[in-house]
>>> print(open('target_3.cif').read())   # mmCIF, C-alpha atoms
data_my_file
#
loop_
_atom_site.label_atom_id
_atom_site.label_comp_id
_atom_site.auth_asym_id
_atom_site.auth_seq_id
_atom_site.Cartn_x
_atom_site.Cartn_y
_atom_site.Cartn_z
CA MET S 1 30.67 0.33 26.35
CA LYS S 2 27.20 1.70 26.81
CA ILE S 3 24.83 0.20 29.35
CA VAL S 4 21.34 -0.40 28.08
CA ILE S 5 18.74 -1.78 30.44
CA ARG S 6 15.56 -2.55 28.54
CA PHE S 7 12.39 -1.71 30.37
CA ILE S 8 9.13 -3.52 29.89
CA SER S 9 7.32 -1.99 26.93
CA LEU S 10 4.52 -0.62 29.09
CA PHE S 11 7.00 1.71 30.82
CA LEU S 12 9.22 3.08 28.07
CA LEU S 13 8.09 6.71 28.31
CA VAL S 14 9.64 7.67 31.65
CA GLN S 15 9.15 11.21 32.88
CA PRO S 16 12.31 13.07 33.94
CA PRO S 17 12.91 13.17 37.71
CA LEU S 18 11.78 16.30 39.51
CA ASN S 19 15.31 17.00 40.78
CA GLY S 20 17.16 16.13 37.60
CA SER S 21 18.87 12.92 36.57
CA GLY S 22 18.82 10.10 39.09
CA GLN S 23 21.92 8.52 37.57
CA THR S 24 24.94 10.61 38.47
CA ILE S 25 27.91 8.51 37.48
CA THR S 26 30.92 9.08 35.32
CA ARG S 27 32.54 5.82 34.27
CA THR S 28 36.27 5.38 34.44
CA PRO S 29 38.40 2.27 33.81
CA ASP S 30 39.92 2.62 37.26
CA SER S 31 36.66 1.69 38.94
CA THR S 32 36.70 -1.88 37.64
CA ALA S 33 40.08 -3.16 38.80
CA ALA S 34 39.84 -6.26 41.00
CA LYS S 35 41.85 -6.31 44.20
CA PRO S 36 43.97 -9.17 45.61
CA ALA S 37 42.29 -11.94 47.55
CA ASP S 38 41.57 -11.51 51.23
CA THR S 39 41.34 -14.57 53.44
CA SER S 40 38.67 -13.19 55.75
CA ASN S 41 35.82 -15.69 55.71
CA ASP S 42 33.78 -15.20 58.88
CA SER S 43 30.08 -15.77 59.32
CA LEU S 44 27.49 -13.49 57.74
CA ILE S 45 25.52 -13.47 60.96
CA GLN S 46 28.10 -11.21 62.63
CA VAL S 47 27.23 -8.48 60.17
CA ALA S 48 23.51 -9.23 60.29
CA ASP S 49 23.39 -8.59 64.03
CA SER S 50 25.38 -5.34 63.86
CA ILE S 51 22.65 -3.01 62.52
CA ARG S 52 21.96 0.03 64.65
CA LEU S 53 20.54 3.45 63.97
CA ALA S 54 23.26 6.12 63.91
CA GLY S 55 22.84 9.14 66.12
CA ALA S 56 21.84 11.46 63.32
CA ASN S 57 20.41 14.92 63.84
CA SER S 58 16.64 14.45 64.09
CA GLY S 59 15.96 17.80 62.40
CA VAL S 60 17.99 16.81 59.36
CA MET S 61 16.20 13.46 59.12
CA LYS S 62 12.85 15.23 59.43
CA SER S 63 13.64 17.59 56.57
CA VAL S 64 14.68 14.68 54.33
CA HIS S 65 11.49 12.84 55.26
CA GLU S 66 9.37 15.89 54.41
CA ALA S 67 11.08 16.27 51.04
CA ALA S 68 10.60 12.56 50.36
CA GLU S 69 6.91 12.80 51.19
CA SER S 70 6.57 15.73 48.77
CA ILE S 71 8.13 13.61 46.02
CA ARG S 72 5.74 10.76 46.77
CA ILE S 73 2.68 13.02 46.66
CA VAL S 74 3.67 14.88 43.50
CA ARG S 75 4.44 11.62 41.73
CA GLY S 76 1.20 10.02 42.89
CA VAL S 77 2.94 6.95 44.33
CA PRO S 78 1.00 4.97 46.97
CA GLY S 79 3.91 3.99 49.23
CA MET S 80 7.69 4.23 49.53
CA VAL S 81 10.49 3.19 51.86
CA TYR S 82 14.12 4.34 51.88
CA ALA S 83 17.33 3.75 53.79
CA VAL S 84 20.85 5.17 53.86
CA PHE S 85 23.40 2.94 55.54
CA SER S 86 27.06 2.37 56.24
CA LYS S 87 28.55 -1.07 56.72
CA ASP S 88 27.62 -1.05 60.42
CA SER S 89 24.89 1.56 60.93
CA ILE S 90 21.74 3.07 59.45
CA LEU S 91 22.09 6.78 58.74
CA ASP S 92 18.54 7.48 57.60
CA PHE S 93 15.39 5.40 57.28
CA GLY S 94 11.88 6.41 56.27
CA VAL S 95 8.51 4.93 55.37
CA LEU S 96 5.94 6.91 53.41
CA GLY S 97 2.38 6.49 52.24
CA TYR S 98 0.12 3.50 52.03
CA ARG S 99 0.06 -0.20 51.18
CA VAL S 100 -2.81 0.18 48.74
CA PHE S 101 -3.77 3.17 46.58
CA LYS S 102 -6.53 5.30 48.15
CA SER S 103 -6.41 3.27 51.37
CA LYS S 104 -5.50 4.48 54.85
CA ASP S 105 -3.39 1.42 55.69
CA PRO S 106 0.09 2.91 56.16
CA ILE S 107 3.34 1.34 55.03
CA GLU S 108 5.29 -0.12 57.95
CA LYS S 109 9.05 -0.52 58.23
CA ASN S 110 8.98 -4.33 58.02
CA ASP S 111 6.71 -4.51 54.98
CA ARG S 112 8.10 -6.44 52.02
CA PHE S 113 8.51 -4.98 48.54
CA ASN S 114 9.28 -6.84 45.35
CA ILE S 115 12.76 -5.78 44.17
CA GLY S 116 12.40 -6.93 40.55
CA THR S 117 15.63 -7.62 38.73
CA ASN S 118 17.67 -6.42 41.70
CA THR S 119 17.20 -10.12 42.51
CA ALA S 120 20.08 -10.68 40.06
CA ALA S 121 22.60 -9.49 42.66
CA PHE S 122 21.44 -12.19 45.09
CA THR S 123 21.77 -14.83 42.39
CA ALA S 124 25.27 -13.59 41.54
CA TYR S 125 26.23 -13.82 45.21
CA ILE S 126 25.24 -17.49 45.48
CA ALA S 127 27.12 -18.07 42.22
CA ALA S 128 30.24 -16.72 43.91
CA LYS S 129 29.62 -19.06 46.85
CA LEU S 130 29.50 -22.05 44.50
CA VAL S 131 32.68 -20.89 42.75
CA GLU S 132 34.38 -20.59 46.13
CA ALA S 133 33.18 -24.12 47.03
CA GLY S 134 34.66 -25.52 43.81
CA LYS S 135 31.30 -26.59 42.39
CA ILE S 136 31.73 -24.44 39.27
CA ASN S 137 34.04 -21.69 38.03
CA TRP S 138 33.40 -18.41 36.26
CA ASN S 139 34.71 -19.80 32.97
CA THR S 140 32.67 -23.02 33.04
CA GLN S 141 30.95 -23.40 29.69
CA LEU S 142 27.18 -23.76 29.65
CA LEU S 143 27.22 -26.78 27.36
CA SER S 144 29.77 -28.57 29.52
CA VAL S 145 27.12 -28.55 32.25
CA PHE S 146 24.34 -29.43 29.79
CA PRO S 147 26.03 -31.44 27.03
CA GLU S 148 22.68 -32.97 26.08
CA PHE S 149 21.57 -29.54 24.79
CA SER S 150 24.42 -29.19 22.29
CA LYS S 151 22.64 -30.76 19.34
CA LYS S 152 19.75 -28.27 19.20
CA ALA S 153 21.48 -25.12 20.54
CA PHE S 154 22.17 -22.27 18.14
CA PRO S 155 25.88 -22.34 17.25
CA VAL S 156 26.34 -18.82 18.62
CA TYR S 157 25.43 -20.10 22.11
CA ARG S 158 28.01 -22.89 22.25
CA SER S 159 30.79 -20.77 23.76
CA ILE S 160 28.70 -19.18 26.54
CA ARG S 161 30.42 -19.24 29.93
CA PHE S 162 28.94 -18.97 33.43
CA GLN S 163 30.21 -15.42 33.93
CA ASP S 164 28.86 -14.35 30.52
CA LEU S 165 25.36 -15.18 31.69
CA LEU S 166 25.70 -13.27 34.97
CA SER S 167 27.28 -10.22 33.30
CA SER S 168 24.74 -10.18 30.42
CA ARG S 169 27.46 -10.66 27.81
CA THR S 170 25.68 -13.24 25.68
CA ARG S 171 23.40 -13.06 22.68
CA LEU S 172 20.53 -14.78 24.45
CA PRO S 173 17.13 -13.06 24.13
CA VAL S 174 16.71 -10.46 26.86
CA PHE S 175 13.27 -11.83 27.76
CA MET S 176 12.17 -8.62 29.48
CA GLU S 177 8.69 -8.10 28.04
CA MET S 178 5.58 -9.59 29.57
CA LYS S 179 4.59 -11.16 26.25
CA ASP S 180 7.79 -13.23 26.43
CA TRP S 181 6.85 -14.71 29.77
CA PHE S 182 3.67 -16.21 28.37
CA ARG S 183 5.81 -18.10 25.87
CA ILE S 184 7.57 -20.13 28.56
CA PRO S 185 6.83 -23.80 27.80
CA GLU S 186 4.66 -25.46 30.42
CA THR S 187 6.47 -28.58 31.58
CA ARG S 188 5.96 -31.07 34.36
CA GLY S 189 8.31 -31.80 37.20
CA ASP S 190 9.93 -29.87 40.03
CA ILE S 191 11.19 -26.32 39.66
CA SER S 192 14.73 -27.39 38.73
CA SER S 193 13.33 -29.56 35.93
CA ARG S 194 11.27 -26.63 34.68
CA ARG S 195 14.27 -24.28 34.66
CA ARG S 196 16.29 -26.94 32.87
CA ALA S 197 13.51 -27.22 30.26
CA PHE S 198 13.53 -23.43 29.92
CA THR S 199 17.30 -23.52 29.32
CA HIS S 200 16.89 -26.16 26.61
CA TRP S 201 14.13 -24.10 24.97
CA ILE S 202 15.88 -20.70 25.12
CA LEU S 203 18.99 -22.14 23.47
CA GLN S 204 16.81 -22.90 20.46
CA GLN S 205 15.50 -19.32 20.17
CA LYS S 206 16.86 -16.75 17.75
CA PRO S 207 19.86 -14.81 19.15
CA ASP S 208 19.56 -11.15 20.09
CA MET S 209 22.32 -9.54 18.04
CA GLU S 210 21.86 -5.91 19.15
CA ASN S 211 24.37 -6.09 22.00
CA PHE S 212 26.92 -7.73 19.70
CA ASN S 213 26.45 -5.46 16.70
CA GLN S 214 26.30 -2.20 18.67
CA GLN S 215 28.64 -3.15 21.52
CA LYS S 216 25.89 -2.77 24.09
CA ILE S 217 25.36 -4.59 27.35
CA ILE S 218 21.68 -5.49 27.56
CA PHE S 219 20.45 -7.06 30.77
CA SER S 220 19.11 -10.52 29.99
CA LEU S 221 16.56 -12.03 32.34
CA ALA S 222 16.87 -15.26 30.37
CA GLY S 223 20.62 -15.31 31.06
CA TYR S 224 20.04 -15.30 34.81
CA ILE S 225 17.59 -18.19 34.59
CA VAL S 226 20.09 -20.22 32.56
CA ALA S 227 22.83 -19.39 35.10
CA ALA S 228 20.54 -20.50 37.92
CA SER S 229 19.86 -23.76 36.09
CA MET S 230 23.61 -24.36 35.84
CA MET S 231 23.92 -23.77 39.59
CA GLU S 232 21.08 -26.18 40.29
CA ARG S 233 22.70 -28.94 38.27
CA VAL S 234 26.21 -28.62 39.76
CA SER S 235 24.92 -28.30 43.34
CA GLY S 236 21.99 -30.70 43.22
CA LYS S 237 19.87 -28.05 44.95
CA THR S 238 17.19 -25.64 43.78
CA TRP S 239 17.93 -21.93 43.50
CA GLU S 240 15.48 -21.38 46.35
CA ASP S 241 17.41 -23.86 48.53
CA LEU S 242 20.69 -22.14 47.69
CA ILE S 243 19.22 -18.74 48.63
CA THR S 244 18.18 -20.24 51.96
CA GLU S 245 21.54 -21.92 52.59
CA TYR S 246 23.79 -19.01 51.66
CA ILE S 247 21.73 -15.90 52.45
CA ARG S 248 18.52 -16.39 54.40
CA LYS S 249 19.84 -18.61 57.20
CA PRO S 250 23.30 -17.03 57.68
CA LEU S 251 21.83 -13.52 57.73
CA ASN S 252 18.66 -14.51 59.58
CA ILE S 253 16.50 -12.66 57.09
CA SER S 254 13.09 -13.39 55.60
CA MET S 255 12.25 -13.44 51.89
CA ARG S 256 9.25 -14.32 49.80
CA TYR S 257 8.93 -14.81 46.06
CA SER S 258 6.59 -13.03 43.64
CA TRP S 259 4.36 -10.23 44.95
CA PRO S 260 4.38 -9.60 48.73
CA ASN S 261 0.60 -9.83 49.10
CA ARG S 262 0.44 -13.31 47.55
CA MET S 263 1.62 -14.80 50.87
CA ASP S 264 0.26 -12.06 53.13
CA PRO S 265 -2.91 -10.30 51.94
CA THR S 266 -2.18 -7.34 54.24
CA ALA S 267 1.24 -6.69 52.66
CA PRO S 268 1.77 -3.81 50.21
CA ALA S 269 0.04 -4.34 46.89
CA GLY S 270 1.76 -3.58 43.61
CA HIS S 271 0.28 -0.97 41.29
CA TRP S 272 0.19 -0.12 37.58
CA PHE S 273 -1.94 1.40 34.84
CA GLN S 274 -4.12 -1.26 33.28
CA GLY S 275 -7.52 -1.04 31.64
CA GLY S 276 -7.35 2.76 31.59
CA SER S 277 -6.83 3.28 35.31
CA PHE S 278 -4.11 3.23 37.96
CA HIS S 279 -4.91 0.52 40.47
CA SER S 280 -3.56 -2.11 42.84
CA GLU S 281 -3.43 -5.80 42.05
CA ASP S 282 -5.09 -8.31 44.37
CA PRO S 283 -3.20 -11.33 45.74
CA ASP S 284 -4.84 -13.62 43.17
CA THR S 285 -4.00 -11.33 40.23
CA TRP S 286 -3.39 -12.84 36.80
CA VAL S 287 -0.15 -10.80 36.66
CA LYS S 288 2.22 -13.17 38.42
CA VAL S 289 5.99 -13.60 38.42
CA HIS S 290 6.55 -16.99 36.78
CA PRO S 291 8.34 -19.32 39.25
CA VAL S 292 10.86 -20.26 36.56
CA LEU S 293 11.92 -16.59 36.49
CA TYR S 294 12.40 -16.13 40.25
CA PRO S 295 16.24 -16.11 40.06
CA GLY S 296 16.06 -12.96 37.93
CA GLN S 297 13.18 -10.99 39.40
CA GLY S 298 11.34 -12.88 42.12
CA ILE S 299 12.52 -11.68 45.54
CA SER S 300 10.30 -9.69 47.91
CA ILE S 301 12.06 -8.45 51.03
CA SER S 302 11.65 -5.88 53.80
CA MET S 303 13.91 -2.86 53.98
CA PRO S 304 15.57 -3.88 57.29
CA ASP S 305 16.45 -7.28 55.84
CA TYR S 306 17.64 -5.78 52.55
CA VAL S 307 19.88 -3.42 54.50
CA LYS S 308 21.35 -6.38 56.40
CA TYR S 309 22.25 -8.03 53.12
CA MET S 310 23.81 -4.87 51.67
CA GLN S 311 25.72 -4.08 54.86
CA ALA S 312 27.18 -7.58 54.69
CA ASN S 313 28.26 -6.87 51.11
CA LEU S 314 29.87 -3.55 52.06
CA SER S 315 31.78 -5.33 54.82
CA GLY S 316 32.83 -7.98 52.30
CA LEU S 317 34.29 -5.32 50.00
CA TYR S 318 36.61 -4.45 52.90
CA GLY S 319 37.40 -8.06 53.80
CA GLU S 320 35.53 -7.85 57.09
CA ARG S 321 33.35 -10.56 58.65
CA MET S 322 32.05 -12.14 55.48
CA ALA S 323 31.70 -15.61 54.03
CA LEU S 324 33.63 -14.79 50.83
CA PRO S 325 37.11 -13.40 50.20
CA LYS S 326 37.42 -9.69 49.50
CA SER S 327 38.49 -10.48 45.93
CA ALA S 328 35.18 -12.27 45.31
CA PHE S 329 33.20 -9.16 46.24
CA GLU S 330 35.47 -7.00 44.11
CA PHE S 331 34.72 -9.26 41.17
CA LEU S 332 30.96 -9.24 41.78
CA TYR S 333 30.76 -5.45 41.86
CA PHE S 334 33.69 -4.19 39.80
CA GLY S 335 35.37 -7.14 38.09
CA LEU S 336 34.06 -6.23 34.63
CA PRO S 337 33.55 -2.72 33.26
CA ASP S 338 30.11 -1.11 33.16
CA TYR S 339 28.19 -4.22 34.25
CA SER S 340 29.76 -6.95 36.35
CA MET S 341 27.87 -9.72 38.20
CA GLY S 342 24.43 -8.23 38.81
CA TRP S 343 25.76 -4.69 39.31
CA ASN S 344 26.24 -1.69 37.04
CA ASN S 345 29.45 0.09 37.96
CA GLY S 346 31.46 3.24 37.30
CA SER S 347 32.61 6.23 39.32
CA TYR S 348 30.81 8.92 41.30
CA ASN S 349 32.91 11.99 42.08
CA GLY S 350 36.01 9.86 41.60
CA GLN S 351 34.86 7.04 43.88
CA SER S 352 33.89 3.47 42.98
CA PHE S 353 30.14 3.33 42.49
CA ALA S 354 27.77 0.41 41.84
CA PHE S 355 24.03 0.34 41.40
CA HIS S 356 21.09 -1.66 40.13
CA GLU S 357 17.72 -0.09 39.37
CA ARG S 358 14.88 -2.00 37.90
CA ILE S 359 11.17 -2.01 37.39
CA SER S 360 9.16 -5.09 38.08
CA LEU S 361 5.67 -4.81 36.67
CA LEU S 362 4.16 -3.56 39.92
CA PHE S 363 7.09 -2.28 42.03
CA ASN S 364 10.34 -0.33 41.66
CA CYS S 365 13.65 -0.51 43.49
CA ARG S 366 17.06 1.16 43.20
CA THR S 367 20.11 0.14 45.24
CA GLU S 368 23.49 1.92 45.25
CA ILE S 369 26.82 1.73 47.04
CA LEU S 370 29.70 4.18 47.15
CA LYS S 371 32.64 1.97 48.02
CA GLU S 372 35.26 4.39 49.37
CA LYS S 373 32.70 6.27 51.44
CA LYS S 374 31.38 2.93 52.74
CA ARG S 375 27.77 3.98 52.24
CA GLY S 376 24.73 2.76 50.40
CA ILE S 377 21.20 3.83 49.47
CA ILE S 378 18.06 1.75 48.86
CA VAL S 379 14.75 3.21 47.68
CA MET S 380 11.65 1.08 47.00
CA CYS S 381 8.07 1.85 46.03
CA ASN S 382 4.91 -0.11 45.25
CA SER S 383 4.30 1.28 41.77
CA GLY S 384 5.79 -0.17 38.61
CA GLU S 385 4.59 2.78 36.55
CA ARG S 386 6.70 5.59 35.12
CA ASP S 387 5.90 7.89 38.05
CA GLY S 388 6.95 5.11 40.41
CA ARG S 389 10.33 4.97 38.75
CA GLY S 390 10.47 8.77 38.67
CA ALA S 391 9.79 8.95 42.42
CA VAL S 392 12.53 6.41 43.14
CA LEU S 393 15.03 8.37 41.04
CA ASP S 394 13.99 11.71 42.57
CA LEU S 395 14.40 10.41 46.11
CA THR S 396 17.66 8.66 45.30
CA LYS S 397 19.05 11.91 43.91
CA LEU S 398 18.02 13.74 47.07
CA LEU S 399 19.72 11.15 49.27
CA GLU S 400 22.85 11.14 47.09
CA GLU S 401 23.20 14.90 47.52
CA LYS S 402 22.78 14.61 51.28
CA TYR S 403 24.87 11.53 52.05
CA PHE S 404 27.21 10.82 49.12
#
>>> encode(input="target_3.cif", output="C-alpha cells")
Amino acid sequence: MKIVIRFISLFLLVQPPLNGSGQTITRTPDSTAAKPADTSNDSLIQVADSIRLAGANSGVMKSVHEAAESIRIVRGVPGMVYAVFSKDSILDFGVLGYRVFKSKDPIEKNDRFNIGTNTAAFTAYIAAKLVEAGKINWNTQLLSVFPEFSKKAFPVYRSIRFQDLLSSRTRLPVFMEMKDWFRIPETRGDISSRRRAFTHWILQQKPDMENFNQQKIIFSLAGYIVAASMMERVSGKTWEDLITEYIRKPLNISMRYSWPNRMDPTAPAGHWFQGGSFHSEDPDTWVKVHPVLYPGQGISISMPDYVKYMQANLSGLYGERMALPKSAFEFLYFGLPDYSMGWNNGSYNGQSFAFHERISLLFNCRTEILKEKKRGIIVMCNSGERDGRGAVLDLTKLLEEKYF
C-alpha cells in the first residue's frame, strides 16, 4: 500500500535533496508485527532525566557540523537544529544559522521550533494512554462516542473507528490546504466545544475517495482533530490538558502551541515565500495555526525536550522505564503496515524503521527511529518552503549515512 502524504499546495514542487533521496526505506511485512505485551510501566521521568552527551570524537562531530552548515547555506535556510540520539544518550547535536532571515541573532539549543504534523505522534501517544486506562479502545466507533451526530453524518463515515482516524484509514477530507482552514466554522464555547463542532461539521462534508479507490493512505489532519475530540469526550479533559498530564509533566518538558514567536517574540520566526519574497512572519502574523487544529499540527518544542520524548519512546519499545507496555509502543509505531498511529514505517537495511516528516507552513521537521539499532534522528528548520524541506532531507540523509 503506497504512502501518500499531501503537502500544502504552496509547496508541491520540491527540489531534490543535494545528497540524493532523503527517504531510504524498503518496506517489508516483517517490520509491522506487534510483539507480546510487556508489563514494564515505570515513570517517564526516569527516562527524561537520563539524557547525557555521549563521548563522541569531537573531530567527527565537527565535520558533520561543517557539512550541515554547508547544506543550510546552499539551501538558503535561516536556521536549523539537529540531534542524533540513542535511548539514553545524545550522539550528535548541532545548531546552525539564525532565528530570523538576514538577522545576526543565532539559533540557540533551547529554541523552540514548530514540528507541524509530527504533532500527530504526540496525540497518538495520549490515545494509547487512554486506551490503557480503559477510557476508550482502538476499535471504539466514532458515532458511539457522538451518537447525536449520526443523523447528519455521511453514511460512509458511520463505521469509522478510533484507530482508523489515527492511522489515516478513513475517507474523511484530508484538510491539508490552507484554504480549508479558513472554512472551519466559527463557534462559541471552550476549545473542546469547538473541536466537537468541527467534528459534527466535517462528518457532513463530502468524502475523499482517493485513498479508497487507489488503495492509498493519505494523512488526514481532519482525522486527528476528530480523534482528539473523541478523547476529550471520553476523558472530560481538553487535548491540551491531556498533553500536560501524560507528557509535559511526567517528562518535565516545555511545549507551546502555534508558532514559537507568538509567546516569545525573541524565538525563531517561521519563514516562507509570500508576496513575491522570502521573509519571516512576525508574532502577530495573519498566518496562524487554528487552535482547533492543534492536535494535528500545533506543537512547538525545543530540541532537547523533543529528544527527551523520543528517548522515552525508544525505551518504551524495549519495555524499559515507560508508562505504557511494550506492546502499546509496538502498536503505535509498527502495528499497521506503512502507516500506524502517527508514524510511517517500513525497513531500513533490514531493520525496523519509523519516521514522520512534515511541513507546517513556516517550519519543517523530520523525525526517525531505527529500532534494532536503538537510535533516532531529528532535524528541524525554520523554513516551510521547498528549500527548507530539501535542507531537512539533505541533513537527515547525511546523518543516516553516519549513524544508521
>>> closest_atom_pairs(input="target_3.cif", of="region 236-295 of chain S", to="region 94-104 of chain S", cutoff="8 Å", atoms="only C-alpha atoms", output="CSV")
residue,atom,partner,partner_atom,distance
S:Ala267,CA,S:Arg99,CA,6.8
S:Pro268,CA,S:Arg99,CA,4.1
S:Ala269,CA,S:Val100,CA,5.7
S:Gly270,CA,S:Val100,CA,7.8
S:His271,CA,S:Phe101,CA,7.8
S:His279,CA,S:Phe101,CA,6.8
S:Ser280,CA,S:Val100,CA,6.4
>>> atom_distance(input="target_3.cif", atom1="CA of Asn313 (chain S)", atom2="CA of Pro337 (chain S)")
19.1 Å
>>> atom_distance(input="target_3.cif", atom1="CA of Met255 (chain S)", atom2="CA of Asn114 (chain S)")
9.8 Å
>>> closest_residue(input="target_3.cif", among="S:Met263, S:Ala312, S:Ile218, S:Leu293", to="Ser192 (chain S)", atoms="only C-alpha atoms")
S:Leu293
>>> residues_around(input="target_3.cif", residues="Thr140 (chain S)", least_positions_apart="3", cutoff="9 Å", atoms="all atoms listed in the file", output="list in words")
Ile136, Asn137, Leu143, Ser144, Val145, Ile160, Arg161, Phe162 and Gln163 of chain S
>>> closest_residue(input="target_3.cif", among="S:Thr199, S:Gln297, S:Thr367, S:Asn118", to="Lys152 (chain S)", atoms="all atoms listed in the file")
S:Thr199
>>> resolve_selection(input="target_3.cif", expression="the PyMOL selection byres ((chain S and resi 229) around 9)", output="ChimeraX atom specification")
/S:192-193,195-196,198-199,224-228,230-234,238-239
>>> residues_around(input="target_3.cif", residues="Leu166 (chain S)", least_positions_apart="2", cutoff="10 Å", atoms="all atoms listed in the file", output="list in words")
Ala120, Ala121, Thr123, Ala124, Ala127, Trp138, Arg161, Phe162, Gln163, Asp164, Ser168, Arg169, Thr170, Phe219, Ser220, Leu221, Gly223, Tyr224, Ile225, Val226, Ala227, Ala228, Leu332, Tyr339, Ser340, Met341, Gly342 and Trp343 of chain S
>>> closest_residue(input="target_3.cif", among="S:Phe149, S:Trp272, S:Tyr157, S:Tyr403", to="Cys381 (chain S)", atoms="all atoms listed in the file")
S:Trp272
>>> closest_residue(input="target_3.cif", among="S:Glu108, S:Ala68, S:Phe182, S:Arg358", to="Trp286 (chain S)", atoms="all atoms listed in the file")
S:Phe182
>>> resolve_selection(input="target_3.cif", expression="the PyMOL selection byres ((chain S and resi 253) around 12)", output="ChimeraX atom specification")
/S:44-45,47-49,110,112,243-252,254-256,300-310
>>> atom_distance(input="target_3.cif", atom1="CA of Leu165 (chain S)", atom2="CA of Glu186 (chain S)")
23.1 Å
>>> resolve_selection(input="target_3.cif", expression="the PyMOL selection byres ((chain S and resi 69-86) around 7)", output="PyMOL selection string")
chain S and resi 65-68+87-101+107+311+374-383+387-388+391
>>> residues_around(input="target_3.cif", residues="Asp180 (chain S)", least_positions_apart="6", cutoff="12 Å", atoms="all atoms listed in the file", output="VMD selection string")
chain S and resid 8 to 9 173 to 174 202 205 221 to 222 290 293
>>> axis_aligned_box(input="target_3.cif", around="region 77-85 of chain S", padding_each_side="8 Å", output="JSON")
{"center_x": 12.2, "center_y": 4.9, "center_z": 49.9, "size_x": 38.4, "size_y": 20.0, "size_z": 27.2}
>>> closest_residue(input="target_3.cif", among="S:Phe175, S:Phe154, S:Tyr294, S:Trp259", to="Phe122 (chain S)", atoms="all atoms listed in the file")
S:Tyr294
>>> residues_near_point(input="target_3.cif", point="(33.9, -14.4, 42.9)", cutoff="10 Å", atoms="all atoms listed in the file", output="CSV table (one decimal) with C-alpha atoms, in the frame of the given file")
chain,number,residue,atom,x,y,z
S,37,ALA,CA,42.3,-11.9,47.6
S,124,ALA,CA,25.3,-13.6,41.5
S,125,TYR,CA,26.2,-13.8,45.2
S,126,ILE,CA,25.2,-17.5,45.5
S,127,ALA,CA,27.1,-18.1,42.2
S,128,ALA,CA,30.2,-16.7,43.9
S,129,LYS,CA,29.6,-19.1,46.8
S,130,LEU,CA,29.5,-22.0,44.5
S,131,VAL,CA,32.7,-20.9,42.8
S,132,GLU,CA,34.4,-20.6,46.1
S,137,ASN,CA,34.0,-21.7,38.0
S,138,TRP,CA,33.4,-18.4,36.3
S,163,GLN,CA,30.2,-15.4,33.9
S,324,LEU,CA,33.6,-14.8,50.8
S,325,PRO,CA,37.1,-13.4,50.2
S,326,LYS,CA,37.4,-9.7,49.5
S,327,SER,CA,38.5,-10.5,45.9
S,328,ALA,CA,35.2,-12.3,45.3
S,329,PHE,CA,33.2,-9.2,46.2
S,330,GLU,CA,35.5,-7.0,44.1
S,331,PHE,CA,34.7,-9.3,41.2
S,332,LEU,CA,31.0,-9.2,41.8
S,333,TYR,CA,30.8,-5.4,41.9
S,335,GLY,CA,35.4,-7.1,38.1
S,341,MET,CA,27.9,-9.7,38.2
>>> closest_residue(input="target_3.cif", among="S:Lys151, S:Pro295, S:Glu240, S:Asp284", to="Pro260 (chain S)", atoms="only C-alpha atoms")
S:Asp284
>>> build_atoms(input="target_3.cif", residues="region 111-120 of chain S", atoms="N, CA, C and O atoms", output="PDB file, in the frame of the given file")
ATOM      1  N   ASP S 111       7.446  -4.046  56.146  1.00  0.00           N
ATOM      2  CA  ASP S 111       6.710  -4.510  54.980  1.00  0.00           C
ATOM      3  C   ASP S 111       7.667  -4.929  53.872  1.00  0.00           C
ATOM      4  O   ASP S 111       8.708  -4.302  53.655  1.00  0.00           O
ATOM      5  N   ARG S 112       7.281  -5.973  53.140  1.00  0.00           N
ATOM      6  CA  ARG S 112       8.100  -6.440  52.020  1.00  0.00           C
ATOM      7  C   ARG S 112       7.696  -5.753  50.725  1.00  0.00           C
ATOM      8  O   ARG S 112       6.520  -5.486  50.491  1.00  0.00           O
ATOM      9  N   PHE S 113       8.702  -5.499  49.887  1.00  0.00           N
ATOM     10  CA  PHE S 113       8.510  -4.980  48.540  1.00  0.00           C
ATOM     11  C   PHE S 113       9.200  -5.934  47.564  1.00  0.00           C
ATOM     12  O   PHE S 113      10.250  -6.496  47.876  1.00  0.00           O
ATOM     13  N   ASN S 114       8.614  -6.078  46.397  1.00  0.00           N
ATOM     14  CA  ASN S 114       9.280  -6.840  45.350  1.00  0.00           C
ATOM     15  C   ASN S 114      10.409  -5.995  44.766  1.00  0.00           C
ATOM     16  O   ASN S 114      10.203  -4.822  44.438  1.00  0.00           O
ATOM     17  N   ILE S 115      11.606  -6.555  44.627  1.00  0.00           N
ATOM     18  CA  ILE S 115      12.760  -5.780  44.170  1.00  0.00           C
ATOM     19  C   ILE S 115      13.088  -6.035  42.696  1.00  0.00           C
ATOM     20  O   ILE S 115      14.120  -5.583  42.204  1.00  0.00           O
ATOM     21  N   GLY S 116      12.211  -6.755  41.986  1.00  0.00           N
ATOM     22  CA  GLY S 116      12.400  -6.930  40.550  1.00  0.00           C
ATOM     23  C   GLY S 116      13.739  -7.549  40.215  1.00  0.00           C
ATOM     24  O   GLY S 116      14.214  -8.473  40.885  1.00  0.00           O
ATOM     25  N   THR S 117      14.384  -7.022  39.180  1.00  0.00           N
ATOM     26  CA  THR S 117      15.630  -7.620  38.730  1.00  0.00           C
ATOM     27  C   THR S 117      16.833  -7.280  39.613  1.00  0.00           C
ATOM     28  O   THR S 117      17.938  -7.747  39.335  1.00  0.00           O
ATOM     29  N   ASN S 118      16.619  -6.505  40.686  1.00  0.00           N
ATOM     30  CA  ASN S 118      17.670  -6.420  41.700  1.00  0.00           C
ATOM     31  C   ASN S 118      17.935  -7.787  42.318  1.00  0.00           C
ATOM     32  O   ASN S 118      18.980  -8.007  42.942  1.00  0.00           O
ATOM     33  N   THR S 119      17.004  -8.718  42.122  1.00  0.00           N
ATOM     34  CA  THR S 119      17.200 -10.120  42.510  1.00  0.00           C
ATOM     35  C   THR S 119      18.485 -10.686  41.901  1.00  0.00           C
ATOM     36  O   THR S 119      19.125 -11.580  42.479  1.00  0.00           O
ATOM     37  N   ALA S 120      18.883 -10.170  40.744  1.00  0.00           N
ATOM     38  CA  ALA S 120      20.080 -10.680  40.060  1.00  0.00           C
ATOM     39  C   ALA S 120      21.312 -10.629  40.953  1.00  0.00           C
ATOM     40  O   ALA S 120      22.172 -11.529  40.891  1.00  0.00           O
TER      41      ALA S 120
END
